[in-house]
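Q: Below is the file entry_28.cif, which contains mmCIF, C-alpha atoms and all ligand atoms.
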```
data_upload
loop_
_atom_site.label_atom_id
_atom_site.label_comp_id
_atom_site.auth_asym_id
_atom_site.auth_seq_id
_atom_site.Cartn_x
_atom_site.Cartn_y
_atom_site.Cartn_z
CA MET A 5 -79.77 -7.60 -47.84
CA THR A 6 -80.24 -8.16 -44.10
CA ALA A 7 -77.24 -8.52 -41.81
CA LYS A 8 -77.95 -12.22 -41.44
CA ALA A 9 -78.25 -12.74 -45.19
CA LYS A 10 -74.93 -10.97 -45.61
CA MET A 11 -73.37 -13.29 -43.07
CA ALA A 12 -74.70 -16.35 -44.85
CA ASN A 13 -73.13 -14.93 -47.98
CA GLY A 14 -69.78 -14.42 -46.33
CA ASN A 15 -68.67 -14.95 -42.78
CA ALA A 16 -71.25 -17.27 -41.28
CA PHE A 17 -68.76 -20.14 -41.54
CA ALA A 18 -66.04 -18.46 -39.49
CA GLY A 19 -64.18 -17.25 -42.53
CA LYS A 20 -63.51 -20.53 -44.28
CA TYR A 21 -65.79 -19.92 -47.24
CA THR A 22 -65.23 -16.20 -47.72
CA GLY A 23 -63.96 -14.82 -51.00
CA ALA A 24 -65.18 -15.35 -54.51
CA GLN A 25 -65.39 -19.14 -54.30
CA SER A 26 -67.85 -20.98 -56.43
CA GLU A 27 -70.30 -23.40 -54.86
CA VAL A 28 -70.14 -27.09 -55.52
CA ILE A 29 -73.40 -28.37 -57.00
CA ALA A 30 -72.86 -31.99 -58.10
CA GLY A 31 -70.41 -34.86 -57.89
CA SER A 32 -69.73 -38.09 -59.75
CA GLY A 33 -66.82 -40.47 -59.14
CA ALA A 34 -63.87 -38.22 -58.28
CA THR A 35 -65.30 -35.24 -60.15
CA LEU A 36 -67.13 -32.25 -58.70
CA ALA A 37 -69.21 -29.80 -60.72
CA LEU A 38 -69.16 -26.16 -59.60
CA ALA A 39 -71.84 -23.54 -59.99
CA ASP A 40 -69.58 -21.50 -62.29
CA GLY A 41 -69.67 -24.32 -64.86
CA THR A 42 -66.19 -25.70 -64.18
CA THR A 43 -65.31 -29.18 -62.95
CA LEU A 44 -62.77 -30.23 -60.37
CA LEU A 45 -61.10 -33.56 -59.68
CA ASP A 46 -61.25 -34.02 -55.92
CA PHE A 47 -57.94 -35.55 -54.81
CA SER A 48 -58.21 -33.87 -51.44
CA SER A 49 -60.26 -35.98 -49.14
CA SER A 50 -59.72 -39.77 -49.22
CA LEU A 51 -63.45 -40.25 -49.44
CA PHE A 52 -65.34 -43.03 -51.18
CA GLY A 53 -66.20 -40.92 -54.22
CA TYR A 54 -69.38 -39.26 -55.36
CA GLY A 55 -72.69 -40.62 -56.57
CA HIS A 56 -72.00 -44.35 -56.81
CA GLN A 57 -75.21 -45.86 -58.18
CA ALA A 58 -75.31 -48.85 -55.81
CA VAL A 59 -74.96 -46.60 -52.76
CA LEU A 60 -77.52 -44.10 -54.04
CA THR A 61 -80.01 -46.87 -54.78
CA SER A 62 -79.61 -48.40 -51.34
CA VAL A 63 -79.95 -45.04 -49.57
CA ALA A 64 -82.97 -44.04 -51.68
CA ALA A 65 -84.71 -47.34 -50.84
CA GLN A 66 -83.99 -46.88 -47.14
CA MET A 67 -85.14 -43.27 -47.29
CA ASN A 68 -88.61 -44.38 -48.29
CA VAL A 69 -88.88 -46.95 -45.52
CA LEU A 70 -87.17 -45.65 -42.36
CA PRO A 71 -84.55 -42.90 -42.58
CA GLN A 72 -84.28 -42.31 -38.82
CA SER A 73 -85.39 -44.48 -35.92
CA THR A 74 -85.60 -44.57 -32.18
CA ARG A 75 -82.55 -46.04 -30.50
CA MET A 76 -84.86 -48.14 -28.31
CA PHE A 77 -84.83 -50.72 -31.14
CA LEU A 78 -82.20 -52.22 -33.34
CA ASN A 79 -82.73 -51.34 -37.00
CA HIS A 80 -82.03 -53.64 -39.92
CA PRO A 81 -79.34 -51.56 -41.72
CA LEU A 82 -77.49 -51.14 -38.39
CA ALA A 83 -77.60 -54.91 -37.79
CA ASN A 84 -76.29 -55.38 -41.33
CA LEU A 85 -73.48 -52.89 -40.81
CA VAL A 86 -72.17 -54.40 -37.58
CA THR A 87 -72.41 -57.90 -39.09
CA ARG A 88 -70.62 -56.86 -42.31
CA LEU A 89 -67.85 -55.13 -40.39
CA ALA A 90 -67.34 -58.21 -38.19
CA GLU A 91 -67.17 -60.35 -41.35
CA VAL A 92 -64.63 -58.27 -43.26
CA LEU A 93 -62.37 -57.03 -40.47
CA PRO A 94 -59.51 -59.22 -39.26
CA GLY A 95 -59.17 -61.27 -36.06
CA ASP A 96 -61.67 -60.86 -33.25
CA LEU A 97 -62.76 -57.34 -34.26
CA SER A 98 -66.49 -57.82 -34.00
CA VAL A 99 -68.15 -55.17 -31.82
CA THR A 100 -68.95 -51.89 -33.54
CA TYR A 101 -69.80 -48.49 -32.16
CA PRO A 102 -71.41 -46.57 -35.05
CA CYS A 103 -71.38 -42.79 -35.08
CA ASN A 104 -71.41 -39.79 -37.39
CA SER A 105 -67.73 -38.94 -37.84
CA ALA A 106 -64.25 -40.35 -37.40
CA GLY A 107 -63.51 -37.78 -34.71
CA GLU A 108 -66.44 -39.11 -32.72
CA ALA A 109 -65.16 -42.67 -33.22
CA VAL A 110 -61.70 -41.66 -31.95
CA GLU A 111 -63.41 -40.08 -28.94
CA GLY A 112 -65.30 -43.31 -28.23
CA ALA A 113 -62.15 -45.40 -28.65
CA LEU A 114 -60.19 -43.28 -26.16
CA LYS A 115 -63.03 -43.54 -23.67
CA LEU A 116 -63.15 -47.31 -24.17
CA ALA A 117 -59.39 -47.58 -23.50
CA LEU A 118 -59.69 -45.46 -20.35
CA GLY A 119 -62.62 -47.62 -19.21
CA HIS A 120 -60.59 -50.74 -19.89
CA GLN A 121 -57.93 -49.44 -17.49
CA ARG A 122 -60.42 -48.19 -14.90
CA ARG A 123 -59.10 -50.49 -12.18
CA SER A 124 -55.42 -49.74 -12.84
CA GLY A 125 -56.10 -46.00 -12.92
CA ARG A 126 -54.06 -45.52 -16.09
CA SER A 127 -55.19 -42.30 -17.70
CA THR A 128 -52.63 -41.25 -20.30
CA PHE A 129 -52.01 -42.09 -23.96
CA VAL A 130 -48.91 -42.45 -26.04
CA ALA A 131 -49.34 -41.33 -29.64
CA ALA A 132 -47.09 -41.21 -32.67
CA SER A 133 -46.45 -37.86 -34.30
CA GLY A 134 -47.55 -36.91 -37.82
CA SER A 135 -51.24 -37.61 -37.40
CA ASP A 136 -54.36 -35.51 -37.24
CA HIS A 137 -57.07 -37.60 -35.56
CA GLY A 138 -59.81 -34.97 -35.70
CA HIS A 139 -61.12 -31.83 -34.05
CA THR A 140 -63.00 -33.05 -30.98
CA ALA A 141 -61.22 -32.52 -27.67
CA GLY A 142 -59.92 -36.06 -27.18
CA ALA A 143 -59.01 -36.58 -30.84
CA ALA A 144 -57.14 -33.27 -30.92
CA ALA A 145 -55.34 -34.25 -27.71
CA VAL A 146 -53.78 -37.33 -29.35
CA SER A 147 -52.97 -35.40 -32.55
CA SER A 148 -49.48 -33.95 -32.89
CA VAL A 149 -50.78 -31.94 -35.84
CA ARG A 150 -52.92 -29.38 -34.07
CA SER A 151 -53.47 -25.68 -33.71
CA VAL A 152 -52.71 -23.31 -30.87
CA ALA A 153 -56.48 -23.09 -30.40
CA ASP A 154 -56.62 -26.88 -29.90
CA LEU A 155 -53.87 -26.63 -27.31
CA GLU A 156 -55.55 -23.76 -25.53
CA THR A 157 -58.86 -25.55 -25.22
CA GLY A 158 -57.10 -28.03 -22.93
CA ALA A 159 -56.87 -31.77 -23.29
CA PRO A 160 -59.08 -34.11 -21.26
CA PHE A 161 -56.00 -36.29 -20.51
CA ARG A 162 -52.24 -36.23 -21.02
CA THR A 163 -50.62 -37.53 -24.19
CA ARG A 164 -46.97 -38.36 -24.63
CA PHE A 165 -45.91 -37.99 -28.29
CA VAL A 166 -43.12 -39.98 -29.89
CA ARG A 167 -41.70 -39.73 -33.40
CA PHE A 168 -43.65 -41.85 -35.90
CA GLY A 169 -41.61 -44.91 -36.84
CA ASP A 170 -39.31 -44.78 -33.79
CA LEU A 171 -39.99 -48.04 -31.95
CA ALA A 172 -37.28 -47.52 -29.32
CA ALA A 173 -38.78 -44.14 -28.35
CA LEU A 174 -42.24 -45.68 -28.29
CA HIS A 175 -41.08 -48.45 -25.99
CA ARG A 176 -39.37 -45.97 -23.64
CA ALA A 177 -42.40 -43.68 -23.48
CA ALA A 178 -44.82 -46.58 -22.96
CA SER A 179 -42.65 -48.10 -20.21
CA ASP A 180 -42.29 -44.75 -18.43
CA HIS A 181 -45.89 -43.56 -18.75
CA ARG A 182 -47.88 -46.83 -18.61
CA PRO A 183 -50.57 -45.52 -21.00
CA ALA A 184 -54.13 -46.82 -21.30
CA GLY A 185 -53.59 -47.00 -25.05
CA ILE A 186 -51.14 -46.34 -27.86
CA VAL A 187 -52.68 -44.40 -30.75
CA VAL A 188 -51.22 -44.62 -34.25
CA GLU A 189 -52.08 -44.46 -37.90
CA PRO A 190 -50.49 -47.34 -39.84
CA ILE A 191 -49.25 -44.72 -42.31
CA ALA A 192 -48.98 -41.21 -40.89
CA THR A 193 -51.16 -38.94 -43.03
CA GLY A 194 -51.32 -35.72 -41.03
CA GLN A 195 -48.27 -34.02 -42.55
CA GLY A 196 -47.39 -35.47 -45.91
CA LEU A 197 -47.20 -39.24 -45.85
CA ALA A 198 -44.85 -41.34 -43.69
CA ILE A 199 -44.90 -44.98 -44.80
CA PRO A 200 -43.08 -47.23 -42.34
CA GLY A 201 -41.71 -50.70 -42.99
CA VAL A 202 -44.10 -53.57 -42.29
CA GLU A 203 -42.17 -54.31 -39.08
CA TYR A 204 -43.22 -50.99 -37.51
CA LEU A 205 -46.77 -51.93 -36.65
CA THR A 206 -45.66 -55.38 -35.50
CA GLY A 207 -43.27 -53.60 -33.15
CA VAL A 208 -46.03 -51.27 -31.92
CA ARG A 209 -48.20 -54.32 -31.19
CA GLU A 210 -45.33 -55.89 -29.20
CA VAL A 211 -44.88 -52.72 -27.15
CA CYS A 212 -48.61 -52.73 -26.37
CA GLU A 213 -48.39 -56.36 -25.19
CA ARG A 214 -45.35 -55.65 -23.04
CA VAL A 215 -46.81 -52.65 -21.24
CA GLY A 216 -50.44 -53.77 -21.19
CA ALA A 217 -51.81 -50.92 -23.33
CA LEU A 218 -54.54 -51.20 -25.94
CA LEU A 219 -53.50 -50.70 -29.57
CA ILE A 220 -55.76 -48.09 -31.19
CA VAL A 221 -55.24 -47.82 -34.94
CA ASN A 222 -56.86 -45.00 -36.86
CA GLU A 223 -57.68 -46.20 -40.39
CA THR A 224 -59.89 -43.23 -41.33
CA ALA A 225 -57.60 -42.13 -44.16
CA THR A 226 -55.83 -45.42 -44.86
CA GLY A 227 -58.65 -47.95 -44.49
CA LEU A 228 -61.23 -49.63 -46.71
CA GLY A 229 -58.86 -50.27 -49.58
CA ALA A 230 -57.19 -46.88 -50.07
CA THR A 231 -53.61 -48.14 -49.59
CA GLY A 232 -54.07 -51.39 -51.52
CA ASN A 233 -55.21 -53.53 -48.57
CA LEU A 234 -58.61 -53.50 -46.89
CA LEU A 235 -56.84 -52.10 -43.81
CA ALA A 236 -53.33 -50.67 -44.00
CA CYS A 237 -52.46 -52.68 -40.89
CA ASP A 238 -53.16 -55.91 -42.85
CA ARG A 239 -49.78 -55.24 -44.50
CA SER A 240 -48.15 -56.10 -41.15
CA ASP A 241 -50.66 -58.80 -40.21
CA VAL A 242 -51.47 -56.82 -37.10
CA VAL A 243 -54.94 -56.80 -35.59
CA PRO A 244 -55.57 -53.70 -33.47
CA ASP A 245 -57.54 -53.81 -30.22
CA ILE A 246 -59.63 -50.93 -31.54
CA VAL A 247 -59.77 -49.78 -35.16
CA ILE A 248 -61.24 -46.43 -36.23
CA LEU A 249 -63.04 -46.06 -39.55
CA GLY A 250 -64.63 -43.01 -41.16
CA SER A 251 -64.58 -40.92 -44.36
CA ALA A 252 -65.01 -43.57 -47.10
CA LEU A 253 -67.24 -45.65 -44.81
CA GLY A 254 -70.09 -43.24 -45.59
CA GLY A 255 -70.05 -44.28 -49.24
CA GLY A 256 -69.82 -40.67 -50.39
CA VAL A 257 -73.44 -40.13 -49.41
CA LEU A 258 -73.70 -39.77 -45.63
CA PRO A 259 -71.25 -39.09 -42.80
CA VAL A 260 -70.44 -42.33 -40.97
CA GLY A 261 -67.75 -43.18 -38.43
CA ALA A 262 -67.20 -46.28 -36.33
CA TYR A 263 -64.83 -47.91 -33.95
CA VAL A 264 -64.65 -51.68 -33.94
CA THR A 265 -63.21 -53.65 -31.04
CA THR A 266 -63.24 -57.15 -29.60
CA GLU A 267 -66.02 -58.65 -27.52
CA ALA A 268 -63.61 -59.14 -24.61
CA ILE A 269 -62.63 -55.46 -24.48
CA ASN A 270 -66.17 -54.26 -24.98
CA ASP A 271 -67.55 -56.56 -22.27
CA ARG A 272 -64.95 -55.48 -19.76
CA VAL A 273 -65.97 -51.84 -20.17
CA TYR A 274 -69.65 -51.93 -21.02
CA GLY A 275 -70.63 -55.43 -19.89
CA HIS A 276 -73.29 -56.99 -22.05
CA CYS A 277 -74.89 -53.64 -22.77
CA GLY A 278 -72.60 -53.20 -25.76
CA PRO A 279 -71.12 -49.88 -26.77
CA TRP A 280 -74.62 -48.32 -26.70
CA MET A 281 -73.72 -47.33 -23.15
CA HIS A 282 -71.57 -44.76 -24.91
CA GLY A 283 -74.56 -43.67 -26.92
CA SER A 284 -75.68 -41.28 -29.58
CA ALA A 285 -79.21 -40.37 -30.62
CA THR A 286 -78.29 -40.18 -34.28
CA GLY A 287 -75.26 -42.47 -34.66
CA GLY A 288 -76.19 -45.75 -36.28
CA ASN A 289 -79.29 -44.30 -37.93
CA PRO A 290 -80.78 -46.51 -40.67
CA LEU A 291 -80.02 -44.17 -43.56
CA ALA A 292 -76.33 -43.78 -42.68
CA CYS A 293 -75.99 -47.53 -42.06
CA ALA A 294 -77.62 -48.34 -45.42
CA SER A 295 -75.06 -46.08 -47.06
CA ALA A 296 -72.16 -47.72 -45.20
CA VAL A 297 -73.34 -51.27 -45.94
CA ALA A 298 -73.68 -50.46 -49.64
CA ALA A 299 -70.21 -48.90 -49.63
CA LEU A 300 -68.70 -51.97 -47.95
CA ASP A 301 -70.44 -54.21 -50.47
CA VAL A 302 -68.95 -52.24 -53.37
CA ILE A 303 -65.50 -52.24 -51.73
CA ILE A 304 -65.51 -56.02 -51.31
CA ARG A 305 -67.38 -56.99 -54.52
CA ASP A 306 -65.30 -54.77 -56.83
CA ASP A 307 -62.05 -55.52 -54.97
CA VAL A 308 -61.45 -51.81 -54.58
CA ALA A 309 -58.21 -52.48 -52.65
CA ARG A 310 -56.72 -54.23 -55.68
CA GLN A 311 -57.77 -51.35 -57.95
CA CYS A 312 -56.22 -48.85 -55.56
CA ALA A 313 -53.00 -50.90 -55.51
CA ALA A 314 -52.90 -50.95 -59.33
CA HIS A 315 -53.54 -47.20 -59.55
CA GLY A 316 -51.00 -46.72 -56.77
CA ALA A 317 -48.25 -48.29 -58.87
CA THR A 318 -48.98 -45.73 -61.63
CA ILE A 319 -49.21 -42.82 -59.19
CA ALA A 320 -45.93 -43.73 -57.45
CA ALA A 321 -44.08 -44.20 -60.77
CA ARG A 322 -45.32 -40.86 -62.13
CA LEU A 323 -44.39 -39.05 -58.92
CA VAL A 324 -40.86 -40.48 -59.11
CA ALA A 325 -40.67 -39.29 -62.74
CA LEU A 326 -42.01 -35.89 -61.64
CA ALA A 327 -39.29 -35.60 -58.98
CA ASP A 328 -36.65 -36.51 -61.61
CA ARG A 329 -38.03 -33.85 -63.95
CA PHE A 330 -38.34 -31.13 -61.30
CA PRO A 331 -35.42 -31.58 -58.87
CA ASP A 332 -35.47 -27.78 -58.40
CA LEU A 333 -39.01 -28.03 -56.97
CA ILE A 334 -39.34 -31.48 -55.39
CA LEU A 335 -37.47 -33.07 -52.49
CA ASP A 336 -39.28 -36.36 -52.32
CA SER A 337 -42.55 -38.21 -52.83
CA ALA A 338 -44.36 -41.09 -51.19
CA GLY A 339 -47.29 -43.26 -52.15
CA ALA A 340 -49.37 -46.25 -51.09
CA GLY A 341 -52.34 -47.02 -53.31
CA HIS A 342 -54.53 -43.95 -53.74
CA LEU A 343 -52.70 -42.10 -50.94
CA ALA A 344 -49.70 -40.15 -52.15
CA ALA A 345 -47.84 -36.97 -51.29
CA VAL A 346 -45.20 -34.73 -52.79
CA HIS A 347 -42.65 -32.99 -50.60
CA TRP A 348 -41.83 -29.68 -52.30
CA ARG A 349 -38.69 -27.68 -51.57
CA SER A 350 -40.72 -24.98 -49.77
CA ALA A 351 -44.19 -24.22 -48.48
CA ALA A 352 -44.37 -21.40 -51.06
CA ILE A 353 -43.80 -23.86 -53.94
CA ALA A 354 -46.42 -26.20 -52.46
CA ALA A 355 -48.91 -23.32 -52.25
CA THR A 356 -48.26 -22.23 -55.86
CA VAL A 357 -48.60 -25.77 -57.21
CA SER A 358 -51.87 -26.24 -55.27
CA ALA A 359 -53.27 -22.92 -56.52
CA VAL A 360 -52.34 -23.61 -60.16
CA ALA A 361 -53.69 -27.18 -59.94
CA ARG A 362 -56.92 -25.85 -58.46
CA ARG A 363 -57.26 -23.38 -61.32
CA GLU A 364 -56.63 -26.14 -63.85
CA GLY A 365 -59.20 -28.46 -62.26
CA LEU A 366 -57.45 -30.53 -59.56
CA LEU A 367 -58.06 -30.16 -55.85
CA LEU A 368 -55.05 -31.34 -53.83
CA HIS A 369 -54.91 -32.15 -50.12
CA SER A 370 -52.99 -29.56 -48.19
CA GLY A 371 -53.74 -30.60 -44.60
CA ARG A 372 -54.98 -28.40 -41.83
CA PHE A 373 -51.83 -26.27 -41.76
CA ALA A 374 -49.71 -25.03 -44.65
CA THR A 375 -46.61 -27.14 -45.13
CA SER A 376 -44.23 -28.00 -47.94
CA TRP A 377 -46.26 -31.17 -48.58
CA THR A 378 -49.23 -31.62 -50.85
CA GLY A 379 -51.27 -34.79 -50.74
CA LEU A 380 -53.02 -36.66 -53.53
CA ARG A 381 -55.95 -38.62 -52.15
CA ALA A 382 -58.08 -39.81 -54.99
CA PRO A 383 -61.39 -41.28 -53.78
CA LEU A 384 -61.72 -45.06 -53.67
CA ILE A 385 -63.88 -45.22 -56.81
CA ALA A 386 -61.76 -42.85 -58.91
CA THR A 387 -61.36 -44.30 -62.39
CA THR A 388 -58.07 -44.86 -64.21
CA GLY A 389 -59.01 -41.95 -66.48
CA GLU A 390 -59.55 -39.63 -63.50
CA ILE A 391 -56.24 -40.70 -61.92
CA ASP A 392 -54.38 -40.04 -65.19
CA ALA A 393 -56.11 -36.69 -65.67
CA GLY A 394 -55.24 -35.63 -62.11
CA LEU A 395 -51.59 -36.58 -62.55
CA GLU A 396 -51.43 -34.65 -65.83
CA ILE A 397 -52.75 -31.52 -64.14
CA LEU A 398 -50.20 -31.95 -61.34
CA GLU A 399 -47.40 -32.20 -63.92
CA GLU A 400 -48.66 -29.07 -65.69
CA ALA A 401 -48.90 -27.24 -62.36
CA ALA A 402 -45.26 -28.12 -61.58
CA GLU A 403 -44.18 -26.85 -65.02
CA HIS A 404 -46.14 -23.65 -64.54
CA THR A 405 -44.62 -23.15 -61.07
CA ARG A 406 -41.11 -23.54 -62.47
CA GLN A 407 -41.81 -21.01 -65.21
CA LYS A 408 -43.26 -18.59 -62.69
CA ALA A 409 -40.17 -18.92 -60.48
CA ALA A 410 -37.90 -18.28 -63.50
CA SER A 411 -39.79 -15.19 -64.70
C1 LIG B 1 -56.82 -39.87 -39.85
C2 LIG B 1 -58.05 -39.07 -39.57
N1 LIG B 1 -58.65 -39.16 -38.37
C3 LIG B 1 -59.74 -38.45 -38.06
C4 LIG B 1 -60.29 -37.58 -38.96
C5 LIG B 1 -61.51 -36.79 -38.56
O1 LIG B 1 -62.58 -37.17 -39.30
P1 LIG B 1 -64.02 -36.44 -39.13
O2 LIG B 1 -63.86 -35.12 -39.81
O3 LIG B 1 -64.96 -37.37 -39.80
O4 LIG B 1 -64.26 -36.29 -37.68
C6 LIG B 1 -59.72 -37.44 -40.23
C7 LIG B 1 -60.32 -36.53 -41.21
O5 LIG B 1 -60.11 -36.60 -42.38
C8 LIG B 1 -58.57 -38.22 -40.55
O6 LIG B 1 -57.98 -38.12 -41.75
#
```
Once you've parsed the file, please lay out its structure as C-alpha cells.
Ligand SMILES: Cc1ncc(COP(=O)(O)O)c(C=O)c1O
A:
Amino acid sequence: MTAKAKMANGNAFAGKYTGAQSEVIAGSGATLALADGTTLLDFSSSLFGYGHQAVLTSVAAQMNVLPQSTRMFLNHPLANLVTRLAEVLPGDLSVTYPCNSAGEAVEGALKLALGHQRRSGRSTFVAASGSDHGHTAGAAAVSSVRSVADLETGAPFRTRFVRFGDLAALHRAASDHRPAGIVVEPIATGQGLAIPGVEYLTGVREVCERVGALLIVNETATGLGATGNLLACDRSDVVPDIVILGSALGGGVLPVGAYVTTEAINDRVYGHCGPWMHGSATGGNPLACASAVAALDVIIRDDVARQCAAHGATIAARLVALADRFPDLILDSAGAGHLAAVHWRSAAIAATVSAVARREGLLLHSGRFATSWTGLRAPLIATTGEIDAGLEILEEAAEHTRQKAAS
C-alpha cells in the first residue's frame, strides 16, 4: 500500500475516522446501514432523514436537466426555493441568501448585520451562551461552545457573551456594547438543551429594539418542524431580522444553508442587487435548491411539525420515566419535539451510555466536546417505530451502564 493509500485508510481526515470504524453505505428514514452488516438509528444530527422518495425523485429529475448552472442567470429551482421560503416563513422574512452550509449562512448573516450598521460603525455582537453556530471564523466567534483552536485562530470581531435565558444580563451587555446584532438560538442546543419560557425571545426582541441591534436567530437545529413548530421562535410569536436555516433544509440529500431577512434590511446593505453581492459560485445551485424545495414541500404537506410535537410528547414522557428509574445516573432531561437531551450525573456515565447505545444500534448526539449531556435528535421524518426503538435502546443502555457501575 502506498503512503497516500495508507493515509486514506487512516489519518487523511485529521484523525476523526481512525480506528476500526465501519463505513456507512446506505440510509433510509432515521436508519443507517453499515458496511459490516449492522444498522444504526441516527439520533445524532437533527437532519431531515435519509432517502425520502419525494426528495430523491425531485433531485433525480433535476440531475438530468441542470445540476449546476452559471450564476449569471437565475435558475428555476432557486427561484422556487426563495419563493417557498418567503411563503412559509413569518412576517416580512422574504429575501434569501442560499449557500452550502449553516456555518456559511451564519457568516453571511453577521456580515449583513455589520453592513447594516456601516454608518454607525458598530462592529461587535452580543451572543447568548450554550450555542455552537459552526466552524467558520465568524460563526465560531459568536459560539460560546468552541475549542482552544477556534479561540487561537482569532475572531474577525468582538463578541460579548451573556448567559442564555438571562434577559437582564442581555440588556446590560447590549446597552454597554451597542452591538450590530444579537445572536441567539431560540432553544440553546450546543451543550445539552436549554429550553427557555416563551417570554425569553420576546424579551430578546425588545432588547434589540431598544438598542437598535438586529435580531439574528439560528434555527439550524431547531427549525423546519423539529421542535413542534415550523420555527422554534414561532412559539414566542417573534419574527427575527435574520433567520438561519441549514441541516434539514437539504432534505437529507444535499448540503443546503440559507439566511432569510427582510427586504428593508437587504436593500440597506446590498441595494437592489440582492444578497448576491455576498456571492458564492456554488451556493443556490439547481440541484441543492431542488432538494430543499422538495424537503420544504414534504415538511408543509405532511405537517412534519405536528408529527414532531406528537413524538416529542412520547420522548419527553419516556425521558422523565427514565430519570425516575435511574436517579443514580440521571440529573435531568429536556425535550421539545424531536430535540431532547439527558443530563447524566457525570461525563463518564454519558460516555458509557453513548458507547453502549452505539453498540446496540443507536447513535446519540454528544456535541463537539465531551460533556455530561447526551442529545437525542431524531431526524424530521423518523417514524413512530424508529422513535420507540431508539428510546428502547437508550433505556437498555442506561440499565447496562448501571450494571457496569455496580460490578
Ligand atoms: C445551531 C447550529 N448552527 C450551525 C451549525 C453548523 O452547520 P454546518 O455544519 O452546516 O455549517 C450547526 C451544525 O449542526 C448547528 O447545529
Q: Could you check which of A:Ser32, A:Thr87, A:Gln195, A:Thr224 is closest to A:Gly107, using only C-alpha atoms?
A: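 Counting only C-alpha atoms, the residue closest to A:Gly107 is A:Thr224.
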Q: Enumerate, in order of chain and increasing residue number, the residues of chain A with an atom no farther than 6 Å from ligand LIG 1 (chain B), each with its shortest atom pair and distance in Å to one decimal, counting only C-alpha atoms and all ligand atoms, as CSV.
A:
```
residue,atom,partner,partner_atom,distance
A:Ser105,CA,B:LIG1,O3,3.7
A:Ala106,CA,B:LIG1,O3,3.9
A:Gly107,CA,B:LIG1,O4,3.4
A:Asp136,CA,B:LIG1,C2,5.6
A:His137,CA,B:LIG1,N1,3.6
A:Gly138,CA,B:LIG1,C5,3.8
A:Asn222,CA,B:LIG1,C1,5.9
A:Thr224,CA,B:LIG1,C1,4.8
A:Ala225,CA,B:LIG1,O6,4.7
A:Gly250,CA,B:LIG1,O3,5.8
A:Ser251,CA,B:LIG1,O3,5.8
```
Q: Take the point (-64.2, -53.5, -51.1) as written in the file and pick out every residue within 12 Å of it, counting only C-alpha atoms; give the list as a PyMOL selection string.
A: chain A and resi 52+88-89+92-93+227-235+252-253+255+296-312+384-385
Q: Using only C-alpha atoms, which protein or nucleic acid residues come within 12 Å of A:Leu197? Drop anything in the same chain fewer than 2 positions from it, and give the result as a PyMOL selection string.
A: chain A and resi 133-136+168+189-195+199-200+225-226+231+336-347+369-371+376-381
Q: Measure the distance from atom CA of A:Asp96 to atom CA of A:His120 in Å and round it to one decimal.
A: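 Computing the Euclidean distance for atom CA of A:Asp96 and atom CA of A:His120 yields 16.8 Å.
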Q: State, in Å with one decimal place, the distance from atom CA of A:Ser350 to atom CA of A:Gln25.
A: 25.8 Å
Q: Leaving out A:Thr128 and any residue of its chain fewer than 3 positions from it, which residues lie within 10 Å of it when counting only C-alpha atoms, given as number ranges by chain?
A: A: 114, 117-118, 125, 131, 146, 160-164, 178, 181-186
